[in-house]
Amino acid sequence: MRIPKVIVLSLATLVGGGLTNAGLAIAESSAPEPKIKNRAVETASIQTKPAFAGCKILDGSSVREGGLGLCSREFYSPGLGYSPRPIENDTVETVTVSAKKALPKDFKSAIATPTQSIVSPMPSLTTSQSAQPLNSAQELGGSVQMSQGEEVTQDVEGAYVRDVKVRFVNSKGEAVDKEGNPIQGRISEDFIRSEIQLKAGDNYSQAAVRRDLQQLRQLALFSKVTVSTEQVGTDVNVIYNVTEGQPRSFNFGGGYSDDLGVFVILGVRQILGRSQRVSVLVQPSLRDFEYDLRFTSPYLASENRLGYSFGTFRDRRSSDIFDKDVNLPDDNKVREIRMGGNVNFTRPIGDWQGTLGLNYTSISTRDRNLRIARRDEEGNPLTFSGTGVDELYTVSLGFTRDWRNNPFNPTSGSILSLSTEQSIPLGRGNITMNRLLANYIQYVPIQWIGRNDPKALPEMFAFNLQAGTIIGDFPPAEAFRLGGSSSVRAYTSGALGTGRSYFLASGEYRFPIRSNIGGVIFVDFASDLGSGDSVLGEPAIVRDKPGTGAAAGVGVRVRSPFGLIRLDIGVSDRGGVRVLFGTGQRF
């Protein structure tokens with residue numbers, strides 16, 4: 001059998017703060033193929049599968065100041081908000097390192113007003129260091145205490161707030177530049193203050209600080225925000241230490257794959273007006289044209305203005321539902337083409353963040369040359385309509401409550417997300433289904449090792465519980481996929497199970513090794529709850545997927561100038577071994 005090759009050349013650039021470095025990578029891949037999900041690149045496996053498809057740079061959140069840009073493929077389905085579903089069984093050909101160019105002076109002066117601001121790519125949740133507050137105030141990432149010298153003397157909960165300050169800091173948490181001058185921000189300080197609800201004259205509340213941090217994060221202006229206090233008699237000044245992200249980014253690259261032929265990657269992310277942003281990503285190739293276009297206007301607390309976004313997309317991927325040894329009658333692999341659009345509205349509702357979405361997605365199953373495929377080689381249907389094309393018109397509603405001490409870099413607390421998605425019986429397939437999802441993450445700080453280095457990666461337990469089910473009839477391509485870097489890590493995506501329902505539990509012990517190096521011990525478990533035979537065509541039964549499985553392993557986390565780098569090695573309950581490489585924590 002001929003082993004397919006994929007060669008890609010990719011370069012990501014950022015405009016924003018002075019030229020620092022550039023990254024260029026060329027990769028040639030053959031079986032086993034690297035893959036991606038949630039920005040995690042799986043780089044080795046005992047299983048061998050041919051490389052497939054093209055690649056594209058992830059959205060701007062993966063290419064930021066000092067950030068690691070990943071070349072990947074994604075597809076989008078109707079769902080809560082703008083929720084790309086990363087794909088693992090398509091090939092990731094390379095990673096790129098960002099380059100930065102100087103911000104034009106006229107642009108900088110234009111935004112430094114209370115009515116104008118800029119948005120960076122989505123900030124990292126995993127790469128922060130402690131800022132050093134003034135007057136020996138101890139910064140605890142949102143859980144704030146006061147100190148005199150090295151001793152903490154009292155908790156400030158309920159203390160009178162004398163003043164609320166905004167201080168710009170660099171990525172190292174320093175408030176002054178090399179010449180000793182205070183760092184000046186591009187974003188107007190008045191605008192930042194208007195989005196902070198804690199005011200002078202209030203009693204200090206950690207809950208209020210958490211809400212402010214959540215609001216600042218959803219603006220997508222900052223790569224990191226911490227909170228510190230300074231004591232003024234019996235009162236306190238509260239200081240928001242903000243690290244700005246980059247105002248604009250460009251992605252470009254290209255390569256060759258056996259599936260797409262020669263392809264080119266072009267992307268741009270730019271700011272329009274006050275914190276509004278537009279992103280354009282296109283990938284033309286010899287056999288297809290993929291794109292993702294989106295406009296976002298976040299919720300503004302100062303105006304109580306509804307946040308909204310709208311976009312359109314088209315994506316091509318190799319199916320991880322109809323995979324393994326059962327292909328099409330002509331021995332082609334099954335490809336899924338997803339295209340459509342969505343409109344989403346967001347705003348806080350009490351302590352919850354609510355999102356309402358209107359979505360349309362067309363899902364078609366095709367061969368390599370994009371000819372419609374209705375059944376696999378064993379005669380099993382690939383779509384609910386039987387025509388090779390299913391259409392979904394859905395309304396989604398979701399709520400998230402965040403109890404984390406700091407959403408930019410959580411070390412304690414939890415976050416809960418609940419969503420439902422109801423389809424309207426229109427279009428091909430006339431589908432009526434409801435998808436229910438729940439996701440809970442808990443962080444528990446501990447001190448077993450007892451390191452006192454405030455800049456070291458934190459020691460903690462992290463737990464993730466997920467569950468979902470689909471009520472009614474649904475396309476096979478919408479079934480839950482079990483296995484992969486964001487599921488049971490020692491299995492490939494979809495290899496563990498394909499079901500109507502699922503349950504997933506993951507636990508990690510994260511601990512510091514050196515100042516910028518940490519370790520992880522993890523355990524993953526997932527089950528389709530016996531629902532594999534309730535999916536149309538029974539793709540999991542036909543392909544002998546186990547439906548329930550577990551994995552355990554160890555990993556290393558390295559805090560680098562490019563963000564937090566992750567390397568995991570997992571061993572499954574069936575003896576499979578996989579090595580995963582990516583950025584950021586697993587959850």
# chains A, B, ... in the order shown; residues from 1 in each chain; ligands from 1
$ residues_around --residues "Gln184 of chain A" --least-positions-apart "5" --cutoff "12 Å" --atoms "only C-alpha atoms" --output "VMD selection string"
chain A and resid 108 112 166 to 170 174 to 177 189 242 to 244
$ atom_distance --atom1 "atom CA of Val225 of chain A" --atom2 "atom CA of Asn406 of chain A"
8.3 Å
$ residues_around --residues "Pro512 of chain A" --least-positions-apart "2" --cutoff "12 Å" --atoms "only C-alpha atoms" --output "PyMOL selection string"
chain A and resi 446-460+509-510+514-521+555-559
$ atom_distance --atom1 "atom CA of Ser527 of chain A" --atom2 "atom CA of Asp325 of chain A"
21.9 Å
$ residues_around --residues "Thr312 of chain A" --least-positions-apart "6" --cutoff "10 Å" --atoms "only C-alpha atoms" --output "number ranges by chain"
A: 76, 291-295, 339-343, 359-361
$ write_last_selection --atoms "N, CA, C and O atoms" --output "PDB file, in the first residue's frame"
ATOM      1  N   TYR A  76     -17.210  22.771  11.866  1.00  0.00           N
ATOM      2  CA  TYR A  76     -18.138  23.465  12.716  1.00  0.00           C
ATOM      3  C   TYR A  76     -19.519  22.855  12.579  1.00  0.00           C
ATOM      4  O   TYR A  76     -19.959  22.494  11.501  1.00  0.00           O
ATOM      5  N   TYR A 291     -13.354  27.586   4.325  1.00  0.00           N
ATOM      6  CA  TYR A 291     -13.298  28.947   4.848  1.00  0.00           C
ATOM      7  C   TYR A 291     -14.004  29.022   6.196  1.00  0.00           C
ATOM      8  O   TYR A 291     -14.808  28.168   6.553  1.00  0.00           O
ATOM      9  N   ASP A 292     -13.673  30.070   6.928  1.00  0.00           N
ATOM     10  CA  ASP A 292     -14.362  30.397   8.172  1.00  0.00           C
ATOM     11  C   ASP A 292     -14.339  31.915   8.325  1.00  0.00           C
ATOM     12  O   ASP A 292     -13.267  32.519   8.439  1.00  0.00           O
ATOM     13  N   LEU A 293     -15.510  32.533   8.327  1.00  0.00           N
ATOM     14  CA  LEU A 293     -15.641  33.983   8.432  1.00  0.00           C
ATOM     15  C   LEU A 293     -16.491  34.301   9.649  1.00  0.00           C
ATOM     16  O   LEU A 293     -17.568  33.719   9.832  1.00  0.00           O
ATOM     17  N   ARG A 294     -16.049  35.239  10.497  1.00  0.00           N
ATOM     18  CA  ARG A 294     -16.803  35.514  11.713  1.00  0.00           C
ATOM     19  C   ARG A 294     -16.615  36.959  12.156  1.00  0.00           C
ATOM     20  O   ARG A 294     -15.515  37.515  12.081  1.00  0.00           O
ATOM     21  N   PHE A 295     -17.718  37.535  12.635  1.00  0.00           N
ATOM     22  CA  PHE A 295     -17.716  38.862  13.257  1.00  0.00           C
ATOM     23  C   PHE A 295     -18.230  38.707  14.682  1.00  0.00           C
ATOM     24  O   PHE A 295     -19.250  38.048  14.910  1.00  0.00           O
ATOM     25  N   MET A 339     -21.012  22.658   6.021  1.00  0.00           N
ATOM     26  CA  MET A 339     -21.061  24.070   5.672  1.00  0.00           C
ATOM     27  C   MET A 339     -22.346  24.660   6.240  1.00  0.00           C
ATOM     28  O   MET A 339     -23.345  23.959   6.434  1.00  0.00           O
ATOM     29  N   GLY A 340     -22.302  25.939   6.558  1.00  0.00           N
ATOM     30  CA  GLY A 340     -23.477  26.582   7.126  1.00  0.00           C
ATOM     31  C   GLY A 340     -23.123  27.905   7.769  1.00  0.00           C
ATOM     32  O   GLY A 340     -22.142  28.558   7.404  1.00  0.00           O
ATOM     33  N   GLY A 341     -23.915  28.299   8.749  1.00  0.00           N
ATOM     34  CA  GLY A 341     -23.704  29.569   9.438  1.00  0.00           C
ATOM     35  C   GLY A 341     -24.478  29.595  10.739  1.00  0.00           C
ATOM     36  O   GLY A 341     -25.308  28.721  11.012  1.00  0.00           O
ATOM     37  N   ASN A 342     -24.204  30.598  11.561  1.00  0.00           N
ATOM     38  CA  ASN A 342     -24.902  30.740  12.834  1.00  0.00           C
ATOM     39  C   ASN A 342     -24.866  32.185  13.317  1.00  0.00           C
ATOM     40  O   ASN A 342     -24.019  32.979  12.906  1.00  0.00           O
ATOM     41  N   VAL A 343     -25.826  32.503  14.155  1.00  0.00           N
ATOM     42  CA  VAL A 343     -25.912  33.801  14.822  1.00  0.00           C
ATOM     43  C   VAL A 343     -26.072  33.516  16.312  1.00  0.00           C
ATOM     44  O   VAL A 343     -26.894  32.667  16.705  1.00  0.00           O
ATOM     45  N   ASN A 359     -28.737  28.285  14.304  1.00  0.00           N
ATOM     46  CA  ASN A 359     -27.693  27.607  13.552  1.00  0.00           C
ATOM     47  C   ASN A 359     -28.246  26.837  12.355  1.00  0.00           C
ATOM     48  O   ASN A 359     -29.346  26.277  12.410  1.00  0.00           O
ATOM     49  N   TYR A 360     -27.458  26.801  11.290  1.00  0.00           N
ATOM     50  CA  TYR A 360     -27.772  25.962  10.129  1.00  0.00           C
ATOM     51  C   TYR A 360     -26.504  25.224   9.718  1.00  0.00           C
ATOM     52  O   TYR A 360     -25.421  25.826   9.600  1.00  0.00           O
ATOM     53  N   THR A 361     -26.607  23.907   9.514  1.00  0.00           N
ATOM     54  CA  THR A 361     -25.484  23.112   9.047  1.00  0.00           C
ATOM     55  C   THR A 361     -25.955  22.077   8.046  1.00  0.00           C
ATOM     56  O   THR A 361     -26.930  21.365   8.290  1.00  0.00           O
TER      57      THR A 361
END
$ atom_distance --atom1 "atom CA of Arg338 of chain A" --atom2 "atom CA of Ile541 of chain A"
24.6 Å
$ residues_around --residues "Leu382 of chain A" --least-positions-apart "5" --cutoff "10 Å" --atoms "only C-alpha atoms" --output "VMD selection string"
chain A and resid 321 to 322 328 334 364 to 366 373 to 376 387 to 390 475 to 477 536 to 539
$ closest_residue --among "A:Gly575, A:Ser531, A:Arg489, A:Ile349" --to "Val554 of chain A" --atoms "only C-alpha atoms"
A:Arg489
$ select_by_dssp --residues "segment 200-283 of chain A" --states "strand (DSSP E)" --output "PyMOL selection string"
chain A and resi 222-232+235-244+248-257+261-272+276-283
$ residues_around --residues "Pro407 of chain A" --least-positions-apart "2" --cutoff "9 Å" --atoms "only C-alpha atoms" --output "VMD selection string"
chain A and resid 125 210 213 to 214 217 225 402 to 405 409 to 410
$ write_last_selection --atoms "all heavy atoms" --output "tab-separated table (two decimals), in the first residue's frame"
chain	number	residue	atom	x	y	z
A	125	LEU	N	-5.24	30.57	28.65
A	125	LEU	CA	-5.69	30.33	30.01
A	125	LEU	C	-4.60	29.73	30.87
A	125	LEU	O	-4.80	29.44	32.02
A	125	LEU	CB	-6.88	29.35	29.99
A	125	LEU	CG	-8.10	29.80	29.22
A	125	LEU	CD1	-9.19	28.74	29.34
A	125	LEU	CD2	-8.61	31.12	29.72
A	210	ARG	N	-14.12	38.29	40.88
A	210	ARG	CA	-14.25	37.21	39.91
A	210	ARG	C	-15.13	37.62	38.73
A	210	ARG	O	-14.83	37.32	37.57
A	210	ARG	CB	-14.81	35.95	40.57
A	210	ARG	CG	-13.80	35.17	41.39
A	210	ARG	CD	-14.32	33.76	41.68
A	210	ARG	NE	-15.56	33.77	42.42
A	210	ARG	CZ	-15.65	33.75	43.74
A	210	ARG	NH1	-14.54	33.74	44.46
A	210	ARG	NH2	-16.82	33.75	44.35
A	213	LEU	N	-13.12	39.85	36.47
A	213	LEU	CA	-12.16	39.08	35.69
A	213	LEU	C	-12.84	38.35	34.54
A	213	LEU	O	-12.31	38.28	33.42
A	213	LEU	CB	-11.42	38.09	36.60
A	213	LEU	CG	-10.46	38.71	37.62
A	213	LEU	CD1	-9.96	37.65	38.59
A	213	LEU	CD2	-9.29	39.39	36.93
A	214	GLN	N	-14.01	37.80	34.79
A	214	GLN	CA	-14.75	37.11	33.73
A	214	GLN	C	-15.16	38.08	32.63
A	214	GLN	O	-15.08	37.77	31.43
A	214	GLN	CB	-15.99	36.44	34.33
A	214	GLN	CG	-15.66	35.27	35.25
A	214	GLN	CD	-16.82	34.88	36.13
A	214	GLN	OE1	-17.96	35.29	35.91
A	214	GLN	NE2	-16.56	34.08	37.16
A	217	ARG	N	-12.09	39.03	30.56
A	217	ARG	CA	-11.64	37.94	29.70
A	217	ARG	C	-12.50	37.82	28.45
A	217	ARG	O	-12.00	37.60	27.35
A	217	ARG	CB	-11.63	36.61	30.45
A	217	ARG	CG	-11.12	35.48	29.58
A	217	ARG	CD	-11.09	34.15	30.30
A	217	ARG	NE	-10.60	33.14	29.40
A	217	ARG	CZ	-11.34	32.46	28.53
A	217	ARG	NH1	-12.64	32.71	28.47
A	217	ARG	NH2	-10.82	31.56	27.73
A	225	VAL	N	-4.94	38.86	33.29
A	225	VAL	CA	-5.32	39.90	34.25
A	225	VAL	C	-5.21	39.28	35.65
A	225	VAL	O	-5.73	38.18	35.89
A	225	VAL	CB	-6.76	40.41	34.03
A	225	VAL	CG1	-7.10	41.46	35.08
A	225	VAL	CG2	-6.93	40.98	32.63
A	402	ASP	N	-19.19	30.39	36.46
A	402	ASP	CA	-17.76	30.29	36.67
A	402	ASP	C	-17.42	30.67	38.11
A	402	ASP	O	-17.58	31.82	38.51
A	402	ASP	CB	-17.03	31.22	35.69
A	402	ASP	CG	-15.55	30.94	35.59
A	402	ASP	OD1	-15.01	30.28	36.50
A	402	ASP	OD2	-14.92	31.39	34.61
A	403	TRP	N	-16.96	29.69	38.90
A	403	TRP	CA	-16.52	29.94	40.27
A	403	TRP	C	-15.00	29.92	40.40
A	403	TRP	O	-14.47	29.92	41.50
A	403	TRP	CB	-17.07	28.88	41.22
A	403	TRP	CG	-18.55	28.86	41.40
A	403	TRP	CD1	-19.29	29.60	42.29
A	403	TRP	CD2	-19.50	28.02	40.73
A	403	TRP	NE1	-20.62	29.27	42.18
A	403	TRP	CE2	-20.79	28.31	41.24
A	403	TRP	CE3	-19.39	27.05	39.73
A	403	TRP	CZ2	-21.94	27.66	40.79
A	403	TRP	CZ3	-20.52	26.41	39.28
A	403	TRP	CH2	-21.79	26.72	39.81
A	404	ARG	N	-14.27	29.92	39.28
A	404	ARG	CA	-12.81	29.86	39.34
A	404	ARG	C	-12.25	31.15	39.93
A	404	ARG	O	-12.80	32.22	39.72
A	404	ARG	CB	-12.23	29.63	37.95
A	404	ARG	CG	-12.59	28.28	37.34
A	404	ARG	CD	-12.11	28.17	35.91
A	404	ARG	NE	-12.75	29.15	35.04
A	404	ARG	CZ	-12.46	29.30	33.76
A	404	ARG	NH1	-11.54	28.55	33.20
A	404	ARG	NH2	-13.09	30.21	33.02
A	405	ASN	N	-11.13	31.02	40.64
A	405	ASN	CA	-10.56	32.22	41.26
A	405	ASN	C	-10.04	33.20	40.22
A	405	ASN	O	-10.02	34.40	40.45
A	405	ASN	CB	-9.43	31.83	42.22
A	405	ASN	CG	-8.25	31.17	41.52
A	405	ASN	OD1	-8.41	30.50	40.50
A	405	ASN	ND2	-7.06	31.36	42.07
A	409	ASN	N	-6.11	32.14	34.58
A	409	ASN	CA	-5.15	31.14	35.05
A	409	ASN	C	-5.69	30.51	36.33
A	409	ASN	O	-5.22	30.80	37.42
A	409	ASN	CB	-3.78	31.78	35.30
A	409	ASN	CG	-2.73	30.75	35.68
A	409	ASN	OD1	-2.73	29.65	35.15
A	409	ASN	ND2	-1.85	31.11	36.59
A	410	PRO	N	-6.71	29.66	36.26
A	410	PRO	CA	-7.36	29.15	37.47
A	410	PRO	C	-6.45	28.22	38.27
A	410	PRO	O	-5.74	27.38	37.72
A	410	PRO	CB	-8.57	28.38	36.91
A	410	PRO	CG	-8.17	28.01	35.51
A	410	PRO	CD	-7.33	29.12	35.03
$ closest_residue --among "A:Val326, A:Leu216, A:Val238, A:Ile187" --to "Tyr160 of chain A" --atoms "only C-alpha atoms"
A:Val238
$ select_by_dssp --residues "segment 383-549 of chain A" --states "helix (DSSP H, G or I)" --output "list in words"
Pro476, Ala477, Glu478, Gly532, Asp533, Ser534, Pro539, Ala540, Ile541 and Val542 of chain A
$ write_last_selection --atoms "N, CA and C atoms" --output "PDB file, in the first residue's frame"
ATOM      1  N   PRO A 476     -26.074  10.126  11.761  1.00  0.00           N
ATOM      2  CA  PRO A 476     -24.947   9.393  12.356  1.00  0.00           C
ATOM      3  C   PRO A 476     -23.726  10.276  12.597  1.00  0.00           C
ATOM      4  N   ALA A 477     -23.510  11.264  11.726  1.00  0.00           N
ATOM      5  CA  ALA A 477     -22.347  12.140  11.870  1.00  0.00           C
ATOM      6  C   ALA A 477     -22.426  13.018  13.113  1.00  0.00           C
ATOM      7  N   GLU A 478     -23.609  13.107  13.746  1.00  0.00           N
ATOM      8  CA  GLU A 478     -23.765  13.909  14.949  1.00  0.00           C
ATOM      9  C   GLU A 478     -23.633  13.086  16.226  1.00  0.00           C
ATOM     10  N   GLY A 532     -24.237   2.490  21.547  1.00  0.00           N
ATOM     11  CA  GLY A 532     -23.646   2.375  20.215  1.00  0.00           C
ATOM     12  C   GLY A 532     -24.589   1.798  19.182  1.00  0.00           C
ATOM     13  N   ASP A 533     -25.485   0.883  19.617  1.00  0.00           N
ATOM     14  CA  ASP A 533     -26.398   0.258  18.660  1.00  0.00           C
ATOM     15  C   ASP A 533     -27.612   1.122  18.349  1.00  0.00           C
ATOM     16  N   SER A 534     -27.729   2.305  18.982  1.00  0.00           N
ATOM     17  CA  SER A 534     -28.868   3.189  18.713  1.00  0.00           C
ATOM     18  C   SER A 534     -28.544   4.259  17.683  1.00  0.00           C
ATOM     19  N   PRO A 539     -22.517   2.340  13.292  1.00  0.00           N
ATOM     20  CA  PRO A 539     -21.104   2.408  12.880  1.00  0.00           C
ATOM     21  C   PRO A 539     -20.141   1.865  13.928  1.00  0.00           C
ATOM     22  N   ALA A 540     -20.462   2.010  15.218  1.00  0.00           N
ATOM     23  CA  ALA A 540     -19.571   1.483  16.250  1.00  0.00           C
ATOM     24  C   ALA A 540     -19.617  -0.032  16.303  1.00  0.00           C
ATOM     25  N   ILE A 541     -20.799  -0.629  16.108  1.00  0.00           N
ATOM     26  CA  ILE A 541     -20.937  -2.082  16.149  1.00  0.00           C
ATOM     27  C   ILE A 541     -20.252  -2.708  14.939  1.00  0.00           C
ATOM     28  N   VAL A 542     -20.491  -2.128  13.755  1.00  0.00           N
ATOM     29  CA  VAL A 542     -19.891  -2.642  12.523  1.00  0.00           C
ATOM     30  C   VAL A 542     -18.372  -2.598  12.599  1.00  0.00           C
TER      31      VAL A 542
END
$ residues_around --residues "segment 431-436 of chain A" --least-positions-apart "6" --cutoff "7 Å" --atoms "only C-alpha atoms" --output "ChimeraX atom specification"
/A:392,419-425,468-474
$ closest_residue --among "A:Ser485, A:Ser417, A:Thr394, A:Asn203" --to "Leu465 of chain A" --atoms "only C-alpha atoms"
A:Ser417
$ closest_residue --among "A:Ala220, A:Leu356, A:Ala550, A:Ala495" --to "Gly483 of chain A" --atoms "only C-alpha atoms"
A:Ala495
$ closest_residue --among "A:Gly563, A:Pro348, A:Gly201, A:Gly549" --to "Ala159 of chain A" --atoms "only C-alpha atoms"
A:Gly201
$ closest_residue --among "A:Arg347, A:Asp524, A:Ser385, A:Leu418" --to "Asn430 of chain A" --atoms "only C-alpha atoms"
A:Ser385
